[in-house]
file entry_5.csv (CSV, C-alpha atoms)
chain,number,residue,atom,x,y,z
A,13,MET,CA,-18.9,-23.7,11.2
A,14,ALA,CA,-16.6,-24.8,14.0
A,15,LYS,CA,-14.5,-26.9,11.7
A,16,HIS,CA,-14.2,-23.9,9.3
A,17,SER,CA,-13.1,-21.7,12.2
A,18,ILE,CA,-10.5,-24.2,13.4
A,19,GLY,CA,-9.1,-24.6,9.9
A,20,ALA,CA,-8.9,-20.8,9.4
A,21,CYS,CA,-7.2,-20.4,12.8
A,22,HIS,CA,-4.7,-23.1,11.9
A,23,THR,CA,-3.9,-21.5,8.6
A,24,THR,CA,-3.4,-18.1,10.3
A,25,LEU,CA,-1.1,-19.6,12.9
A,26,ILE,CA,1.0,-21.3,10.2
A,27,ARG,CA,1.3,-18.0,8.3
A,28,PHE,CA,2.1,-16.1,11.5
A,29,ILE,CA,4.9,-18.6,12.4
A,30,TYR,CA,6.2,-18.4,8.8
A,31,PHE,CA,6.5,-14.6,9.0
A,32,ILE,CA,8.0,-14.6,12.4
A,33,GLY,CA,10.7,-16.9,11.1
A,34,TRP,CA,11.4,-14.7,8.1
A,35,PHE,CA,11.5,-11.5,10.2
A,36,ALA,CA,14.0,-13.2,12.6
A,37,LEU,CA,16.1,-13.9,9.5
A,38,LEU,CA,15.7,-10.2,8.4
A,39,ASP,CA,16.9,-9.2,11.8
A,40,SER,CA,20.0,-11.3,11.4
A,41,PHE,CA,20.6,-9.7,8.0
A,42,ILE,CA,20.4,-6.2,9.4
A,43,SER,CA,22.6,-7.0,12.4
A,44,SER,CA,25.5,-7.7,9.9
A,45,GLN,CA,26.9,-4.7,8.1
A,46,THR,CA,27.9,-6.9,5.1
A,47,ARG,CA,24.3,-8.2,4.8
A,48,LEU,CA,22.9,-4.8,5.2
A,49,LYS,CA,25.1,-3.4,2.5
A,50,LEU,CA,24.0,-6.2,0.2
A,51,LEU,CA,20.3,-5.6,1.0
A,52,LEU,CA,20.7,-1.9,0.2
A,53,ARG,CA,22.7,-2.5,-2.9
A,54,LEU,CA,20.2,-4.9,-4.5
A,55,PHE,CA,16.8,-4.4,-2.8
A,56,LEU,CA,16.3,-0.7,-2.4
A,57,ASN,CA,16.2,-0.2,-6.2
A,58,PRO,CA,14.8,-3.3,-7.9
A,59,ALA,CA,16.6,-2.4,-11.1
A,60,SER,CA,20.0,-2.7,-9.4
A,61,ARG,CA,22.4,-5.4,-10.7
A,62,ALA,CA,25.9,-6.3,-9.2
A,63,TYR,CA,28.6,-8.9,-9.4
A,64,LEU,CA,30.8,-10.4,-6.8
A,65,ARG,CA,34.2,-8.6,-7.4
A,66,GLY,CA,32.5,-5.3,-8.0
A,67,MET,CA,30.7,-5.5,-4.6
A,68,ALA,CA,33.8,-6.7,-2.8
A,69,GLU,CA,35.7,-3.6,-4.1
A,70,GLU,CA,32.7,-1.3,-3.3
A,71,PHE,CA,32.3,-2.7,0.3
A,72,HIS,CA,36.1,-3.0,0.8
A,73,GLN,CA,35.8,-6.6,1.8
A,74,SER,CA,37.1,-9.9,0.6
A,75,THR,CA,35.4,-11.8,-2.2
A,76,ASN,CA,35.0,-14.8,0.0
A,77,ALA,CA,33.1,-12.8,2.6
A,78,ILE,CA,30.8,-11.4,0.0
A,79,ARG,CA,30.4,-14.8,-1.7
A,80,ILE,CA,29.2,-16.5,1.5
A,81,GLU,CA,26.5,-13.8,2.0
A,82,LEU,CA,25.4,-13.9,-1.7
A,83,ASN,CA,25.1,-17.7,-1.4
A,84,ARG,CA,22.9,-17.4,1.7
A,85,PHE,CA,20.6,-14.9,-0.1
A,86,GLU,CA,20.4,-17.0,-3.2
A,87,GLU,CA,19.7,-20.2,-1.2
A,88,ALA,CA,16.9,-18.4,0.6
A,89,GLY,CA,15.4,-17.4,-2.8
A,90,MET,CA,15.9,-13.7,-2.2
A,91,LEU,CA,18.4,-13.3,-5.0
A,92,VAL,CA,18.5,-14.6,-8.6
A,93,SER,CA,21.5,-14.6,-10.8
A,94,GLU,CA,22.6,-15.0,-14.4
A,95,ASN,CA,25.9,-15.5,-16.1
A,96,GLN,CA,27.0,-12.7,-18.4
A,97,GLY,CA,30.4,-13.6,-20.0
A,98,ASN,CA,32.7,-14.6,-17.1
A,99,LYS,CA,30.6,-12.7,-14.5
A,100,LYS,CA,27.7,-13.9,-12.4
A,101,ILE,CA,25.2,-11.0,-12.1
A,102,TYR,CA,22.9,-10.8,-9.1
A,103,ARG,CA,19.6,-9.0,-8.6
A,104,ALA,CA,16.8,-9.0,-6.1
A,105,ASN,CA,14.0,-11.6,-6.6
A,106,THR,CA,11.1,-9.2,-6.8
A,107,ASP,CA,8.7,-12.2,-6.9
A,108,HIS,CA,9.8,-13.3,-3.4
A,109,PRO,CA,6.7,-13.1,-1.1
A,110,LEU,CA,8.7,-10.9,1.4
A,111,TYR,CA,10.3,-8.6,-1.2
A,112,PRO,CA,7.9,-5.7,-0.5
A,113,ASP,CA,8.5,-6.1,3.3
A,114,ILE,CA,12.3,-6.1,2.9
A,115,ARG,CA,12.1,-3.0,0.7
A,116,ASN,CA,9.8,-1.2,3.2
A,117,ILE,CA,12.3,-2.0,6.0
A,118,LEU,CA,15.1,-0.5,3.9
A,119,MET,CA,13.0,2.6,3.1
A,120,LYS,CA,12.6,3.0,6.9
A,121,TYR,CA,16.2,2.4,7.6
A,122,VAL,CA,17.3,5.1,5.1
A,123,GLY,CA,14.5,7.4,6.3
A,124,LEU,CA,12.8,7.8,2.9
A,125,ASP,CA,9.4,7.0,4.4
A,126,GLN,CA,9.8,9.9,6.7
A,127,VAL,CA,10.9,12.2,4.0
A,128,LEU,CA,8.0,11.3,1.8
A,129,LYS,CA,5.6,11.8,4.7
A,130,GLU,CA,7.0,15.1,5.7
A,131,VAL,CA,7.1,16.6,2.2
A,132,ILE,CA,4.2,15.0,0.2
A,133,GLU,CA,1.6,15.5,2.9
A,134,ARG,CA,2.5,19.2,3.2
A,135,LEU,CA,3.8,20.5,-0.1
A,136,GLY,CA,0.7,20.2,-2.1
A,137,ARG,CA,0.8,19.9,-5.9
A,138,LEU,CA,3.6,17.4,-6.4
A,139,GLU,CA,3.4,15.0,-9.4
A,140,LYS,CA,6.5,12.7,-8.8
A,141,VAL,CA,9.4,12.2,-6.5
A,142,TYR,CA,12.6,10.4,-7.6
A,143,LEU,CA,15.5,9.0,-5.7
A,144,THR,CA,18.9,9.4,-7.5
A,145,GLY,CA,22.5,9.6,-6.5
A,146,ASP,CA,24.2,7.0,-4.2
A,147,TYR,CA,21.0,5.5,-2.7
A,148,ALA,CA,19.5,4.9,-6.1
A,149,SER,CA,22.6,2.8,-6.7
A,150,GLY,CA,22.3,1.1,-3.3
A,151,LYS,CA,25.2,2.9,-1.6
A,152,ASP,CA,24.7,3.9,2.0
A,153,SER,CA,26.6,7.2,1.8
A,154,GLY,CA,24.5,9.2,4.2
A,155,ILE,CA,23.5,11.7,1.5
A,156,ILE,CA,20.0,11.3,-0.1
A,157,ASP,CA,19.5,12.9,-3.5
A,158,LEU,CA,15.9,13.6,-4.5
A,159,ILE,CA,14.1,15.2,-7.5
A,160,PHE,CA,10.7,16.7,-7.0
A,161,VAL,CA,8.4,17.3,-10.0
A,162,GLY,CA,5.4,19.5,-9.8
A,163,LYS,CA,4.1,22.9,-8.8
A,164,MET,CA,5.6,23.8,-5.4
A,165,ASP,CA,6.6,26.6,-3.1
A,166,LYS,CA,10.4,26.2,-3.2
A,167,SER,CA,11.1,28.2,-0.1
A,168,TYR,CA,8.6,26.0,1.8
A,169,LEU,CA,10.2,22.9,0.3
A,170,VAL,CA,13.5,24.0,1.8
A,171,LYS,CA,11.9,24.3,5.2
A,172,LEU,CA,10.3,20.8,4.9
A,173,ILE,CA,13.6,19.2,3.8
A,174,ASP,CA,15.4,20.8,6.7
A,175,LYS,CA,12.9,19.3,9.1
A,176,ALA,CA,13.2,15.9,7.4
A,177,GLU,CA,17.0,16.0,7.7
A,178,LYS,CA,16.7,16.5,11.5
A,179,LEU,CA,14.3,13.6,11.7
A,180,ILE,CA,16.4,11.0,9.8
A,181,HIS,CA,19.9,12.4,10.6
A,182,ARG,CA,20.9,12.3,7.0
A,183,LYS,CA,21.8,15.0,4.5
A,184,ILE,CA,19.2,15.6,1.8
A,185,ARG,CA,20.1,17.3,-1.5
A,186,PHE,CA,17.3,18.0,-4.0
A,187,LEU,CA,16.4,19.4,-7.3
A,188,SER,CA,12.9,20.7,-8.2
A,189,TYR,CA,11.3,20.9,-11.6
A,190,ASP,CA,7.9,22.0,-12.8
A,191,VAL,CA,6.2,19.5,-15.1
A,192,ASP,CA,7.2,21.2,-18.4
A,193,GLU,CA,10.9,21.6,-17.2
A,194,TRP,CA,10.9,17.9,-16.3
A,195,LYS,CA,9.6,16.8,-19.7
A,196,GLN,CA,12.3,18.8,-21.4
A,197,ASN,CA,15.2,17.6,-19.2
A,198,HIS,CA,14.4,14.2,-17.8
A,199,ARG,CA,15.8,12.1,-20.7
A,200,SER,CA,19.3,13.7,-20.5
A,201,LEU,CA,19.2,13.3,-16.7
A,202,LEU,CA,18.1,9.6,-16.9
A,203,ASP,CA,21.0,8.9,-19.2
A,204,GLN,CA,23.5,10.2,-16.7
A,205,GLU,CA,22.3,8.6,-13.4
A,206,LYS,CA,20.2,5.9,-11.9
A,207,PHE,CA,16.7,7.0,-10.9
A,208,LEU,CA,14.1,5.3,-8.7
A,209,LEU,CA,10.5,6.5,-8.8
A,210,LEU,CA,9.6,6.8,-5.1
A,211,TRP,CA,6.1,8.3,-5.4
A,212,GLU,CA,3.7,9.4,-8.1
A,213,LYS,CA,0.4,11.2,-7.9
A,214,GLU,CA,-2.5,8.9,-8.6

call {"tool": "encode", "arguments": {"input": "entry_5.csv", "output": "structure tokens"}}
result
Amino acid sequence: MAKHSIGACHTTLIRFIYFIGWFALLDSFISSQTRLKLLLRLFLNPASRAYLRGMAEEFHQSTNAIRIELNRFEEAGMLVSENQGNKKIYRANTDHPLYPDIRNILMKYVGLDQVLKEVIERLGRLEKVYLTGDYASGKDSGIIDLIFVGKMDKSYLVKLIDKAEKLIHRKIRFLSYDVDEWKQNHRSLLDQEKFLLLWEKE
């Protein structure tokens, strides 16, 4: 019994040290604007893909500066890449053990966790919430675009969004659809923009 307890404590301690090391690494990522932009670009939406020159132009930084950070992410196992023609395409490694933690940190950084909490817990009969626009593409523009699907009081939704904006200090734009409207329109919308499902009724 004692041996088992010592072994369990040892395993827990090793795991704790491992996570402390990784969170220190995350802190160093977020303290750098380039690294933070890369995290947002590739980790907020797991479907995001990007290549070196495209990100350099998007971030208004040199390809060398971006390459250094991409190499660090890839060596840490947080990014995977593949060659498509003459481009090396990067994406988040969603199998990395800390991928969910990194994404949750980014959700908190952007304020999406607060928006979901404020709206979903109070609005009632929501079916789905989507992120679209800049943040669905991983661009930190300061404007969050959301789509709400379900039966809702739209005037009350406006009040909740206004409160959420004050909490997170970001502009929120939104569209709302009932379920039938969404079924009729979602395919054409999905063809035009990137969408990320943030929440769905169980």

call {"tool": "residues_around", "arguments": {"input": "entry_5.csv", "residues": "stretch 69-85 of chain A", "least_positions_apart": "3", "cutoff": "12 Å", "atoms": "only C-alpha atoms", "output": "PyMOL selection string"}}
result
chain A and resi 37-38+40-41+44-55+62-66+88-93+100-105+108+146+149-153

call {"tool": "atom_distance", "arguments": {"input": "entry_5.csv", "atom1": "atom CA of A:Leu124", "atom2": "atom CA of A:Glu87"}}
result
29.1 Å

call {"tool": "closest_residue", "arguments": {"input": "entry_5.csv", "among": "A:Ala148, A:Ala68, A:Leu208, A:Leu135", "to": "A:Val170", "atoms": "all atoms listed in the file"}}
result
A:Leu135

call {"tool": "closest_residue", "arguments": {"input": "entry_5.csv", "among": "A:Lys213, A:Glu130, A:Asn57, A:Leu143", "to": "A:Tyr111", "atoms": "all atoms listed in the file"}}
result
A:Asn57

call {"tool": "closest_residue", "arguments": {"input": "entry_5.csv", "among": "A:Asp113, A:Glu94, A:Glu193, A:Glu177", "to": "A:Val131", "atoms": "only C-alpha atoms"}}
result
A:Glu177

call {"tool": "atom_distance", "arguments": {"input": "entry_5.csv", "atom1": "atom CA of A:Asp165", "atom2": "atom CA of A:Val141"}}
result
15.1 Å

call {"tool": "atom_distance", "arguments": {"input": "entry_5.csv", "atom1": "atom CA of A:Leu179", "atom2": "atom CA of A:Lys166"}}
result
19.9 Å

call {"tool": "closest_residue", "arguments": {"input": "entry_5.csv", "among": "A:Leu110, A:Leu118, A:Ile159, A:Leu187", "to": "A:Leu56", "atoms": "all atoms listed in the file"}}
result
A:Leu118

call {"tool": "residues_around", "arguments": {"input": "entry_5.csv", "residues": "A:Phe186", "least_positions_apart": "3", "cutoff": "8 Å", "atoms": "all atoms listed in the file", "output": "JSON, numbers by chain"}}
result
{"A": [157, 158, 159, 160]}

call {"tool": "residues_around", "arguments": {"input": "entry_5.csv", "residues": "A:Gln126", "least_positions_apart": "3", "cutoff": "8 Å", "atoms": "all atoms listed in the file", "output": "ChimeraX atom specification"}}
result
/A:120,123,129-130,176,179-180

call {"tool": "closest_residue", "arguments": {"input": "entry_5.csv", "among": "A:Trp194, A:Ala59, A:Arg199, A:Val122", "to": "A:Tyr147", "atoms": "only C-alpha atoms"}}
result
A:Val122

call {"tool": "build_atoms", "arguments": {"input": "entry_5.csv", "residues": "stretch 190-201 of chain A", "atoms": "all heavy atoms", "output": "PDB file, keeping the file's coordinate frame"}}
result
ATOM      1  N   ASP A 190       9.297  22.028 -12.506  1.00  0.00           N
ATOM      2  CA  ASP A 190       7.900  22.000 -12.800  1.00  0.00           C
ATOM      3  C   ASP A 190       7.684  20.925 -13.921  1.00  0.00           C
ATOM      4  O   ASP A 190       8.663  20.400 -14.458  1.00  0.00           O
ATOM      5  CB  ASP A 190       7.320  23.361 -13.215  1.00  0.00           C
ATOM      6  CG  ASP A 190       7.918  23.941 -14.495  1.00  0.00           C
ATOM      7  OD1 ASP A 190       8.264  23.155 -15.407  1.00  0.00           O
ATOM      8  OD2 ASP A 190       8.043  25.168 -14.602  1.00  0.00           O
ATOM      9  N   VAL A 191       6.463  20.626 -14.222  1.00  0.00           N
ATOM     10  CA  VAL A 191       6.200  19.500 -15.100  1.00  0.00           C
ATOM     11  C   VAL A 191       6.800  19.726 -16.507  1.00  0.00           C
ATOM     12  O   VAL A 191       7.393  18.816 -17.103  1.00  0.00           O
ATOM     13  CB  VAL A 191       4.664  19.260 -15.239  1.00  0.00           C
ATOM     14  CG1 VAL A 191       4.362  18.188 -16.296  1.00  0.00           C
ATOM     15  CG2 VAL A 191       4.084  18.842 -13.885  1.00  0.00           C
ATOM     16  N   ASP A 192       6.698  20.934 -17.035  1.00  0.00           N
ATOM     17  CA  ASP A 192       7.200  21.200 -18.400  1.00  0.00           C
ATOM     18  C   ASP A 192       8.765  21.119 -18.382  1.00  0.00           C
ATOM     19  O   ASP A 192       9.357  20.577 -19.322  1.00  0.00           O
ATOM     20  CB  ASP A 192       6.816  22.620 -18.832  1.00  0.00           C
ATOM     21  CG  ASP A 192       5.327  22.691 -19.155  1.00  0.00           C
ATOM     22  OD1 ASP A 192       4.755  21.628 -19.473  1.00  0.00           O
ATOM     23  OD2 ASP A 192       4.753  23.788 -19.079  1.00  0.00           O
ATOM     24  N   GLU A 193       9.408  21.648 -17.335  1.00  0.00           N
ATOM     25  CA  GLU A 193      10.900  21.600 -17.200  1.00  0.00           C
ATOM     26  C   GLU A 193      11.318  20.102 -17.198  1.00  0.00           C
ATOM     27  O   GLU A 193      12.315  19.724 -17.819  1.00  0.00           O
ATOM     28  CB  GLU A 193      11.359  22.250 -15.970  1.00  0.00           C
ATOM     29  CG  GLU A 193      11.315  23.759 -16.019  1.00  0.00           C
ATOM     30  CD  GLU A 193      11.714  24.376 -14.692  1.00  0.00           C
ATOM     31  OE1 GLU A 193      11.506  23.738 -13.637  1.00  0.00           O
ATOM     32  OE2 GLU A 193      12.228  25.511 -14.705  1.00  0.00           O
ATOM     33  N   TRP A 194      10.597  19.278 -16.444  1.00  0.00           N
ATOM     34  CA  TRP A 194      10.900  17.900 -16.300  1.00  0.00           C
ATOM     35  C   TRP A 194      10.814  17.148 -17.656  1.00  0.00           C
ATOM     36  O   TRP A 194      11.675  16.347 -18.031  1.00  0.00           O
ATOM     37  CB  TRP A 194      10.092  17.191 -15.262  1.00  0.00           C
ATOM     38  CG  TRP A 194      10.409  15.745 -15.063  1.00  0.00           C
ATOM     39  CD1 TRP A 194       9.611  14.672 -15.335  1.00  0.00           C
ATOM     40  CD2 TRP A 194      11.638  15.193 -14.557  1.00  0.00           C
ATOM     41  NE1 TRP A 194      10.245  13.503 -15.036  1.00  0.00           N
ATOM     42  CE2 TRP A 194      11.485  13.788 -14.558  1.00  0.00           C
ATOM     43  CE3 TRP A 194      12.832  15.748 -14.131  1.00  0.00           C
ATOM     44  CZ2 TRP A 194      12.517  12.947 -14.132  1.00  0.00           C
ATOM     45  CZ3 TRP A 194      13.848  14.902 -13.692  1.00  0.00           C
ATOM     46  CH2 TRP A 194      13.679  13.520 -13.699  1.00  0.00           C
ATOM     47  N   LYS A 195       9.761  17.454 -18.393  1.00  0.00           N
ATOM     48  CA  LYS A 195       9.600  16.800 -19.700  1.00  0.00           C
ATOM     49  C   LYS A 195      10.721  17.176 -20.647  1.00  0.00           C
ATOM     50  O   LYS A 195      11.152  16.352 -21.453  1.00  0.00           O
ATOM     51  CB  LYS A 195       8.241  17.293 -20.319  1.00  0.00           C
ATOM     52  CG  LYS A 195       7.018  16.654 -19.675  1.00  0.00           C
ATOM     53  CD  LYS A 195       5.739  17.177 -20.321  1.00  0.00           C
ATOM     54  CE  LYS A 195       4.503  16.545 -19.678  1.00  0.00           C
ATOM     55  NZ  LYS A 195       3.246  17.084 -20.255  1.00  0.00           N
ATOM     56  N   GLN A 196      11.239  18.384 -20.527  1.00  0.00           N
ATOM     57  CA  GLN A 196      12.300  18.800 -21.400  1.00  0.00           C
ATOM     58  C   GLN A 196      13.679  18.235 -21.013  1.00  0.00           C
ATOM     59  O   GLN A 196      14.535  18.013 -21.859  1.00  0.00           O
ATOM     60  CB  GLN A 196      12.421  20.359 -21.394  1.00  0.00           C
ATOM     61  CG  GLN A 196      11.240  21.063 -22.037  1.00  0.00           C
ATOM     62  CD  GLN A 196      11.260  22.568 -21.798  1.00  0.00           C
ATOM     63  OE1 GLN A 196      12.247  23.120 -21.327  1.00  0.00           O
ATOM     64  NE2 GLN A 196      10.160  23.230 -22.136  1.00  0.00           N
ATOM     65  N   ASN A 197      13.871  17.992 -19.714  1.00  0.00           N
ATOM     66  CA  ASN A 197      15.200  17.600 -19.200  1.00  0.00           C
ATOM     67  C   ASN A 197      15.372  16.195 -18.761  1.00  0.00           C
ATOM     68  O   ASN A 197      16.511  15.739 -18.587  1.00  0.00           O
ATOM     69  CB  ASN A 197      15.591  18.552 -18.059  1.00  0.00           C
ATOM     70  CG  ASN A 197      15.757  19.991 -18.482  1.00  0.00           C
ATOM     71  OD1 ASN A 197      16.681  20.319 -19.210  1.00  0.00           O
ATOM     72  ND2 ASN A 197      14.860  20.844 -18.036  1.00  0.00           N
ATOM     73  N   HIS A 198      14.289  15.474 -18.542  1.00  0.00           N
ATOM     74  CA  HIS A 198      14.400  14.200 -17.800  1.00  0.00           C
ATOM     75  C   HIS A 198      15.209  13.154 -18.623  1.00  0.00           C
ATOM     76  O   HIS A 198      15.914  12.342 -18.035  1.00  0.00           O
ATOM     77  CB  HIS A 198      13.058  13.650 -17.410  1.00  0.00           C
ATOM     78  CG  HIS A 198      12.284  12.997 -18.505  1.00  0.00           C
ATOM     79  ND1 HIS A 198      11.575  13.706 -19.456  1.00  0.00           N
ATOM     80  CD2 HIS A 198      12.104  11.686 -18.799  1.00  0.00           C
ATOM     81  CE1 HIS A 198      10.987  12.858 -20.276  1.00  0.00           C
ATOM     82  NE2 HIS A 198      11.293  11.632 -19.915  1.00  0.00           N
ATOM     83  N   ARG A 199      15.115  13.174 -19.946  1.00  0.00           N
ATOM     84  CA  ARG A 199      15.800  12.100 -20.700  1.00  0.00           C
ATOM     85  C   ARG A 199      17.327  12.260 -20.583  1.00  0.00           C
ATOM     86  O   ARG A 199      18.030  11.263 -20.419  1.00  0.00           O
ATOM     87  CB  ARG A 199      15.387  12.193 -22.190  1.00  0.00           C
ATOM     88  CG  ARG A 199      13.954  11.760 -22.414  1.00  0.00           C
ATOM     89  CD  ARG A 199      13.663  11.463 -23.868  1.00  0.00           C
ATOM     90  NE  ARG A 199      12.285  11.027 -24.040  1.00  0.00           N
ATOM     91  CZ  ARG A 199      11.863   9.789 -23.838  1.00  0.00           C
ATOM     92  NH1 ARG A 199      12.721   8.865 -23.452  1.00  0.00           N
ATOM     93  NH2 ARG A 199      10.592   9.476 -24.012  1.00  0.00           N
ATOM     94  N   SER A 200      17.831  13.466 -20.643  1.00  0.00           N
ATOM     95  CA  SER A 200      19.300  13.700 -20.500  1.00  0.00           C
ATOM     96  C   SER A 200      19.728  13.302 -19.081  1.00  0.00           C
ATOM     97  O   SER A 200      20.799  12.731 -18.879  1.00  0.00           O
ATOM     98  CB  SER A 200      19.669  15.096 -20.824  1.00  0.00           C
ATOM     99  OG  SER A 200      19.019  16.009 -19.952  1.00  0.00           O
ATOM    100  N   LEU A 201      18.912  13.603 -18.086  1.00  0.00           N
ATOM    101  CA  LEU A 201      19.200  13.300 -16.700  1.00  0.00           C
ATOM    102  C   LEU A 201      19.223  11.754 -16.485  1.00  0.00           C
ATOM    103  O   LEU A 201      20.096  11.198 -15.816  1.00  0.00           O
ATOM    104  CB  LEU A 201      18.259  13.941 -15.739  1.00  0.00           C
ATOM    105  CG  LEU A 201      18.378  15.458 -15.612  1.00  0.00           C
ATOM    106  CD1 LEU A 201      17.182  16.017 -14.850  1.00  0.00           C
ATOM    107  CD2 LEU A 201      19.674  15.840 -14.911  1.00  0.00           C
TER     108      LEU A 201
END
